[in-house]
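One structure below.
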Amino acid sequence: MSDESPAIEVRDLVKIYSGHTAVSKISFTVARGEILGFLGPNGAGKSTTMRILTGYLPATAGEVLVCGVPVASRSDDIKKLIGYMPENNPLPEDMRVSEYLHYRGRLKEISRRKLGPRIDEVLELCDLTRVRHRIIGKLSKGFRQRVGIAEAILAEPPVIIMDEPTIGLDPHQIIIVRNLIASLRGRMTVIISSHILPEIETTCDRVIIVNQGRVVASGTPAALSREIFNHSRYELEISGDTAAALPAELARLDPSLAITRTGEPDATGFRKLTLTSARTDDLCEPLLRALANDSRFRVRSLAQSRPSLEEVFLTVTKRGWDSVDAPASATVVK
Amino acid sequence: MKHFTTILSHEIRMLLVSASTYIAAFLFLAVMGFIFSGVLEEYNAAAQDTSPASVFFQLYWLPVFFMVPLLTMKCLAEERRLGTLETLLTAPVTTTEVVLGKYFASYFLYLLLWAATGGFFFILNHFAGDSRFIDLGPLLGGYLFIAVSGLLYVAVGVFASSLTRNQAVAGIFSFVMVFGLILGIRFIGTREALNMDSLQSLRALVDYSNAARHLEDFTRGVVDTRQILFYVSGTVLALIFSILGVEAKLIHS
């Protein structure tokens with residue numbers, strides 16, 4: 001196990017369940033200390049990929065290395081390198097929080113001497129000290145979720161894999177979990193999957209989007225939005241002759257600048273317009289100067305809008321939505 | 001096998017804090033108490049040839065039919081239903097350790113419940129003050145038979161639990177298998193058709209695996225290693241199938 005090897009290396013991973021291809025030829029690498037977001041619509045193969053990474057499921061073909069150790073042939077060693085929190089965070093209902101962590105700690109081969117202080121530490125870290133003697137089955141969803149996270153980081157493994165850690169939490173708890181994950185940055189490699197896209201956007205260094213078993217996009221959230229939408233977009237609030245005079249004015253400034261959406265005018269006569277341009281440099285200032293000096297228009301606001309990860313996600317997975325879930329696609333495609 | 005003791009002590013602890021264990025224990029001891037007092041009344045009415053212990057153990061299968069499914073149906077099926085099997089198997093433990101840990105925890109409880117019936121004989125000895133009631137040979141032989149045959153019955157229950165995520169299905173399945181092992185083989189043994197020459201080998205097989213005959217031998221003080229081998233090999237087989245059952249479900253899940 002060399003220290004230079006990436007934390008996770010996946011090459012051409014294939015998983016076929018009785019004729020149905022859940023994962024087809026996924027490849028990616030995760031550097032040490034990186035936080036990776038794993039995105040995709042339901043049934044895209046996220047959970048399956050994560051389960052293969054932990055050695056819980058065998059892959060049909062392909063190779064997975066965790067810290068340079070092959071998962072398929074040395075799954076016993078892999079289990080010591082990974083802290084895993086499965087989907088829906090299954091926990092035994094009839095144990096107390098500290099009892100459960102103690103049992104898991106013993107299974108993860110933490111020595112008795114170190115286990116007590118370590119449990120106190122993770123309870124403190126996950127804000128669970130108040131409920132340490134409560135029975136898990138009687139805890140609220142937020143506490144249960146944090147018990148799952150505490151369990152995953154208990155043995156301080158180099159790699160942590162969490163399948164939807166923030167599902168079902170209220171905004172306050174999401175911030176706690178987000179800070180918790182951010183505090184692991186640099187020390188541990190973290191892979192999280194989530195449907196809450198702003199969550200991934202703020203927490204993760206890098207994002208991989210999978211759809212129908214394939215990686216459809218990968219990179220930092222900012223790079224992804226540049227890559228997927230290779231144009232920039234502006235939101236403009238303006239009153240005046242937007243139908244005829246404005247497009248000509250815009251074309252003078254930048255030939256590719258066009259109005260893509262025109263809103264209804266409000267009570268004061270201002271309407272919202274969405275402009276797109278093929279140029280990626282910032283056109284805000286020249287645009288504002290040109291429009292402000294023109295007496296035909298009154299400008300109230302102008303801003304460059306960056307496509308959110310949500311839009312990137314919807315764009316790159318759109319084909320899947322169309323074919324898999326046709327009625328839903330009608331509401332998401334703008 | 002590093003984690004075997006961790007899992008075993010955890011499982012025993014979980015069994016001992018669960019209310020269903022005490023309900024099962026109460027029912028078990030109530031049924032056994034009725035059987036025991038029934039046996040004593042029979043002895044009260046008329047003198048008998050055999051000791052009370054051997055008569056008492058002849059009805060051992062009655063509690064086995066409901067105790068074994070109740071004790072074992074939960075062990076793997078419930079873990080699979082809750083999804084905790086996934087967290088358990090992604091910790092550095094092997095399937096073998098998990099299955100053996102759960103098996104021996106259930107077996108420990110099975111023995112504990114049977115050991116509690118020793119209290120009946122103690123009370124009888126204490127209050128009757130007649131040492132003729134307590135014939136130590138059949139008593140120890142009976143308990144030894146319970147311990148040896150329990151190995152197989154509990155393993156069969158664990159196997160049933162490894163096949164499904166539904167506790168009720170696991171319970172019914174283990175009941176059917178234990179029923180077949182105890183009464184099914186006895187029933188086949190009484191068939192006239194088995195006396196035909198061409199079925200000699202089948203006849204020998206049925207005789208060899210007849211639990212009623214094993215019990216008879218044990219209570220007479222005859223401890224036959226072939227019979228012990230029958231139960232031990234059956235146990236090993238059932239446990240291997242349980243381990244394979246858990247792993248096969250993972251591969252095809």
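Residue numbering restarts at 1 for every chain of the structure tokens, chains are lettered A, B, ... in their displayed order, and ligands are numbered from 1 as they appear.
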Counting only C-alpha atoms, what are the residues of chain A within 10 Å of chain B, and for each of them which pair of atoms is the nearest and at what distance in Å, to one decimal? Sort the table by chain and rising number, as JSON lines.
{"residue": "A:Ile16", "atom": "CA", "partner": "B:His252", "partner_atom": "CA", "distance": 9.9}
{"residue": "A:Tyr17", "atom": "CA", "partner": "B:His252", "partner_atom": "CA", "distance": 7.0}
{"residue": "A:Ser18", "atom": "CA", "partner": "B:His252", "partner_atom": "CA", "distance": 7.6}
{"residue": "A:Arg51", "atom": "CA", "partner": "B:Thr90", "partner_atom": "CA", "distance": 9.0}
{"residue": "A:Thr54", "atom": "CA", "partner": "B:Thr90", "partner_atom": "CA", "distance": 6.5}
{"residue": "A:Gly55", "atom": "CA", "partner": "B:Thr90", "partner_atom": "CA", "distance": 7.2}
{"residue": "A:Tyr56", "atom": "CA", "partner": "B:Thr90", "partner_atom": "CA", "distance": 6.0}
{"residue": "A:Leu57", "atom": "CA", "partner": "B:Ile251", "partner_atom": "CA", "distance": 6.4}
{"residue": "A:Pro58", "atom": "CA", "partner": "B:Ile251", "partner_atom": "CA", "distance": 6.8}
{"residue": "A:Ala59", "atom": "CA", "partner": "B:Ile251", "partner_atom": "CA", "distance": 9.2}
{"residue": "A:Ser75", "atom": "CA", "partner": "B:Pro92", "partner_atom": "CA", "distance": 8.7}
{"residue": "A:Asp76", "atom": "CA", "partner": "B:Pro92", "partner_atom": "CA", "distance": 6.0}
{"residue": "A:Asp77", "atom": "CA", "partner": "B:Pro92", "partner_atom": "CA", "distance": 7.6}
{"residue": "A:Ile78", "atom": "CA", "partner": "B:Pro92", "partner_atom": "CA", "distance": 8.1}
{"residue": "A:Lys79", "atom": "CA", "partner": "B:Pro92", "partner_atom": "CA", "distance": 4.9}
{"residue": "A:Lys80", "atom": "CA", "partner": "B:Pro92", "partner_atom": "CA", "distance": 5.8}
{"residue": "A:Leu81", "atom": "CA", "partner": "B:Pro92", "partner_atom": "CA", "distance": 9.2}
{"residue": "A:Ile82", "atom": "CA", "partner": "B:Thr90", "partner_atom": "CA", "distance": 8.3}
{"residue": "A:Gly83", "atom": "CA", "partner": "B:Ala91", "partner_atom": "CA", "distance": 8.0}
{"residue": "A:Tyr84", "atom": "CA", "partner": "B:Thr90", "partner_atom": "CA", "distance": 7.2}
{"residue": "A:Met85", "atom": "CA", "partner": "B:Thr87", "partner_atom": "CA", "distance": 7.3}
{"residue": "A:Pro86", "atom": "CA", "partner": "B:Thr87", "partner_atom": "CA", "distance": 7.0}
{"residue": "A:Glu87", "atom": "CA", "partner": "B:Gly83", "partner_atom": "CA", "distance": 9.0}
{"residue": "A:Asn88", "atom": "CA", "partner": "B:Gly83", "partner_atom": "CA", "distance": 8.6}
{"residue": "A:Asn89", "atom": "CA", "partner": "B:Gly83", "partner_atom": "CA", "distance": 8.2}
{"residue": "A:Pro90", "atom": "CA", "partner": "B:Thr84", "partner_atom": "CA", "distance": 5.3}
{"residue": "A:Leu91", "atom": "CA", "partner": "B:Thr84", "partner_atom": "CA", "distance": 6.0}
{"residue": "A:Pro92", "atom": "CA", "partner": "B:Thr84", "partner_atom": "CA", "distance": 6.8}
{"residue": "A:Glu93", "atom": "CA", "partner": "B:Leu82", "partner_atom": "CA", "distance": 9.1}
{"residue": "A:Asp94", "atom": "CA", "partner": "B:Met14", "partner_atom": "CA", "distance": 8.1}
{"residue": "A:Met95", "atom": "CA", "partner": "B:Met14", "partner_atom": "CA", "distance": 8.1}
{"residue": "A:Glu99", "atom": "CA", "partner": "B:His10", "partner_atom": "CA", "distance": 9.7}
{"residue": "A:Tyr100", "atom": "CA", "partner": "B:His10", "partner_atom": "CA", "distance": 9.8}
{"residue": "A:Tyr103", "atom": "CA", "partner": "B:His10", "partner_atom": "CA", "distance": 7.3}
{"residue": "A:Arg104", "atom": "CA", "partner": "B:Ala91", "partner_atom": "CA", "distance": 7.9}
{"residue": "A:Gly105", "atom": "CA", "partner": "B:Ala91", "partner_atom": "CA", "distance": 9.5}
{"residue": "A:Arg106", "atom": "CA", "partner": "B:Thr6", "partner_atom": "CA", "distance": 7.0}
{"residue": "A:Leu107", "atom": "CA", "partner": "B:His3", "partner_atom": "CA", "distance": 6.3}
{"residue": "A:Lys108", "atom": "CA", "partner": "B:Pro92", "partner_atom": "CA", "distance": 6.0}
{"residue": "A:Glu109", "atom": "CA", "partner": "B:Pro92", "partner_atom": "CA", "distance": 8.0}
{"residue": "A:Gly148", "atom": "CA", "partner": "B:Thr87", "partner_atom": "CA", "distance": 9.8}
{"residue": "A:Glu151", "atom": "CA", "partner": "B:Thr87", "partner_atom": "CA", "distance": 9.8}
{"residue": "A:Ala152", "atom": "CA", "partner": "B:Thr87", "partner_atom": "CA", "distance": 9.6}
task: Enumerate as a PyMOL selection string all residues of segment 28-66 of chain A assigned to strand (DSSP E) by DSSP on the backbone, naming them with the chain letters and numbers the document uses.
output: chain A and resi 28-30+35-39+61-66
Residue contacts of Arg132 of chain A (12 Å, only C-alpha atoms) excluding same-chain residues fewer than 3 positions away, as a list in words: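 That gives Met95, Arg96, Val97, Ser98, Glu99, Tyr100, Leu101, His102, Ile119, Asp120, Glu121, Val122, Leu123, Glu124, Cys126, Asp127, Leu128, Thr129, Ile135, Ile136, Leu139, Phe143, Arg144, Arg146, Val147 and Ala150 of chain A.
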- prompt: What gap, in Å, lies between atom CA of Leu215 of chain B and atom CA of Ser201 of chain B?
  reply: 22.2 Å
Polymer residues at most 8 Å from Arg220 of chain B, only C-alpha atoms, same-chain spacing of 3 or more positions, as a list in words: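 With the cut-off at 8 Å, the set is Gly137, Pro138, Gly141, Glu216 and Asp217 of chain B.
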Could those selected residues go to a file with N, CA and C atoms, as a short mmCIF file (atom, residue, chain, number, x, y, z; two decimals), in the first residue's frame?
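Below is the file result_8.cif, written as the result:
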data_model
loop_
_atom_site.label_atom_id
_atom_site.label_comp_id
_atom_site.auth_asym_id
_atom_site.auth_seq_id
_atom_site.Cartn_x
_atom_site.Cartn_y
_atom_site.Cartn_z
N GLY B 137 -28.95 -41.45 35.75
CA GLY B 137 -28.54 -41.91 34.41
C GLY B 137 -29.43 -41.37 33.31
N PRO B 138 -30.73 -41.71 33.32
CA PRO B 138 -31.63 -41.21 32.26
C PRO B 138 -31.69 -39.69 32.23
N GLY B 141 -28.49 -38.50 30.57
CA GLY B 141 -28.57 -38.95 29.17
C GLY B 141 -29.56 -38.10 28.39
N GLU B 216 -33.88 -42.75 22.92
CA GLU B 216 -33.98 -43.99 23.69
C GLU B 216 -32.60 -44.47 24.14
N ASP B 217 -31.65 -44.44 23.18
CA ASP B 217 -30.30 -44.88 23.49
C ASP B 217 -29.65 -43.99 24.55
#
task: Go through B:Val246, B:His126, B:Ala204, B:Ala25 one by one, measure the shortest atom-to-atom distance of each to Ser162 of chain B using only C-alpha atoms, and give the residue with the smallest value.
output: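 Residue with the minimum atom-to-atom distance to Ser162 of chain B: B:Val246.
Summary of the local environment: counting only C-alpha atoms, residues at most 7 Å from Ala258 of chain A, other than itself and those fewer than 4 positions away along its chain, are Pro247, Leu275, Thr276 and Ser277 of chain A.
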message: Residues within 10 Å of segment 117-120 of chain B, please, as JSON, numbers by chain. Count only C-alpha atoms; anything in the same chain fewer than 6 positions from it doesn't count.
response: {"B": [28, 29, 32, 33, 36, 37, 126, 139, 143]}
Pull N, CA and C atoms from the residues just selected and write them as a PDB file, in the first residue's frame.
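out.pdb was written with the following content:
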ATOM      1  N   PHE B  28     -42.348 -21.618  27.227  1.00  0.00           N
ATOM      2  CA  PHE B  28     -41.614 -22.881  27.231  1.00  0.00           C
ATOM      3  C   PHE B  28     -41.715 -23.546  28.603  1.00  0.00           C
ATOM      4  N   LEU B  29     -41.420 -22.762  29.651  1.00  0.00           N
ATOM      5  CA  LEU B  29     -41.428 -23.345  30.988  1.00  0.00           C
ATOM      6  C   LEU B  29     -42.843 -23.725  31.412  1.00  0.00           C
ATOM      7  N   MET B  32     -43.569 -27.020  29.579  1.00  0.00           N
ATOM      8  CA  MET B  32     -42.786 -28.101  30.169  1.00  0.00           C
ATOM      9  C   MET B  32     -43.291 -28.437  31.572  1.00  0.00           C
ATOM     10  N   GLY B  33     -43.729 -27.394  32.301  1.00  0.00           N
ATOM     11  CA  GLY B  33     -44.256 -27.628  33.644  1.00  0.00           C
ATOM     12  C   GLY B  33     -45.516 -28.480  33.598  1.00  0.00           C
ATOM     13  N   PHE B  36     -44.549 -31.997  32.805  1.00  0.00           N
ATOM     14  CA  PHE B  36     -43.890 -32.639  33.952  1.00  0.00           C
ATOM     15  C   PHE B  36     -44.905 -33.034  35.022  1.00  0.00           C
ATOM     16  N   SER B  37     -45.850 -32.112  35.302  1.00  0.00           N
ATOM     17  CA  SER B  37     -46.830 -32.457  36.338  1.00  0.00           C
ATOM     18  C   SER B  37     -47.748 -33.563  35.840  1.00  0.00           C
ATOM     19  N   HIS B 126     -36.486 -32.296  46.111  1.00  0.00           N
ATOM     20  CA  HIS B 126     -36.493 -31.578  47.369  1.00  0.00           C
ATOM     21  C   HIS B 126     -37.740 -31.890  48.181  1.00  0.00           C
ATOM     22  N   LEU B 139     -31.545 -39.063  33.409  1.00  0.00           N
ATOM     23  CA  LEU B 139     -31.628 -37.609  33.484  1.00  0.00           C
ATOM     24  C   LEU B 139     -30.472 -36.973  32.699  1.00  0.00           C
ATOM     25  N   TYR B 143     -30.553 -34.976  29.040  1.00  0.00           N
ATOM     26  CA  TYR B 143     -30.018 -33.631  28.797  1.00  0.00           C
ATOM     27  C   TYR B 143     -28.901 -33.651  27.753  1.00  0.00           C
TER      28      TYR B 143
END
For Leu257 of chain A, the nearest of the candidates A:Ala245, A:Ile200, A:Leu287, A:Val216, counting only C-alpha atoms: A:Leu287
message: I'd like the interatomic distance between atom CA of Leu151 of chain B and atom CA of Phe241 of chain B, to a tenth of an Å.
response: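 A separation of 14.8 Å between them.
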task: Enter the distance from atom CA of Ala47 of chain B to atom CA of Tyr60 of chain B, in Å, rounded to one decimal.
output: 22.4 Å
task: Output as a PyMOL selection string all residues of segment 10-239 of chain B that backbone DSSP marks as alpha helix (DSSP H).
output: chain B and resi 10-17+19-45+52-58+61-82+84-90+95-116+118-128+136-162+167-179+185-189+200-208+211-219+225-239
Counting only C-alpha atoms, the residue of A:Leu236, A:Ala72, A:Val30, A:Ala243 that sits nearest Val159 of chain A: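 Looking only at the distances to Val159 of chain A, the closest residue turns out to be A:Val30.
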message: Just want the 12 Å neighbourhood of Phe108 of chain B, counted on only C-alpha atoms, with same-chain residues fewer than 4 positions away dropped. Output as a PyMOL selection string.
response: chain B and resi 8-9+11-13+15-16+68+71-72+100-104+112-115+147+150-151+154
Just write the chosen residues, C-alpha atoms, as a PDB file, in the first residue's frame.
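And here is the file that came out, part07.pdb:
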ATOM      1  CA  LEU B   8     -21.423 -13.799  20.142  1.00  0.00           C
ATOM      2  CA  SER B   9     -21.445 -11.631  23.246  1.00  0.00           C
ATOM      3  CA  GLU B  11     -25.982 -11.404  20.180  1.00  0.00           C
ATOM      4  CA  ILE B  12     -26.427 -13.017  23.605  1.00  0.00           C
ATOM      5  CA  ARG B  13     -26.762  -9.589  25.142  1.00  0.00           C
ATOM      6  CA  LEU B  15     -31.315 -11.803  23.178  1.00  0.00           C
ATOM      7  CA  LEU B  16     -31.219 -11.256  26.922  1.00  0.00           C
ATOM      8  CA  VAL B  68     -36.387 -23.408  17.638  1.00  0.00           C
ATOM      9  CA  LEU B  71     -35.275 -18.395  18.776  1.00  0.00           C
ATOM     10  CA  THR B  72     -33.727 -18.482  15.324  1.00  0.00           C
ATOM     11  CA  LEU B 100     -21.408 -18.706  13.756  1.00  0.00           C
ATOM     12  CA  GLY B 101     -21.822 -15.869  16.247  1.00  0.00           C
ATOM     13  CA  LYS B 102     -25.562 -15.814  15.742  1.00  0.00           C
ATOM     14  CA  TYR B 103     -25.824 -19.589  15.747  1.00  0.00           C
ATOM     15  CA  PHE B 104     -24.000 -20.062  19.037  1.00  0.00           C
ATOM     16  CA  LEU B 112     -30.249 -22.116  28.953  1.00  0.00           C
ATOM     17  CA  LEU B 113     -33.998 -22.720  28.584  1.00  0.00           C
ATOM     18  CA  TRP B 114     -33.601 -26.460  28.780  1.00  0.00           C
ATOM     19  CA  ALA B 115     -31.297 -26.102  31.770  1.00  0.00           C
ATOM     20  CA  ALA B 147     -27.706 -30.684  23.883  1.00  0.00           C
ATOM     21  CA  GLY B 150     -30.179 -29.072  19.671  1.00  0.00           C
ATOM     22  CA  LEU B 151     -26.997 -28.426  17.688  1.00  0.00           C
ATOM     23  CA  VAL B 154     -30.830 -24.648  15.920  1.00  0.00           C
TER      24      VAL B 154
END
query: Of the candidates B:Cys75, B:Val148, B:Leu163, B:Ala116, which shows the shortest atom-to-atom distance to Val99 of chain B, using only C-alpha atoms?
result: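 For Val99 of chain B, the nearest of the given residues is B:Cys75.
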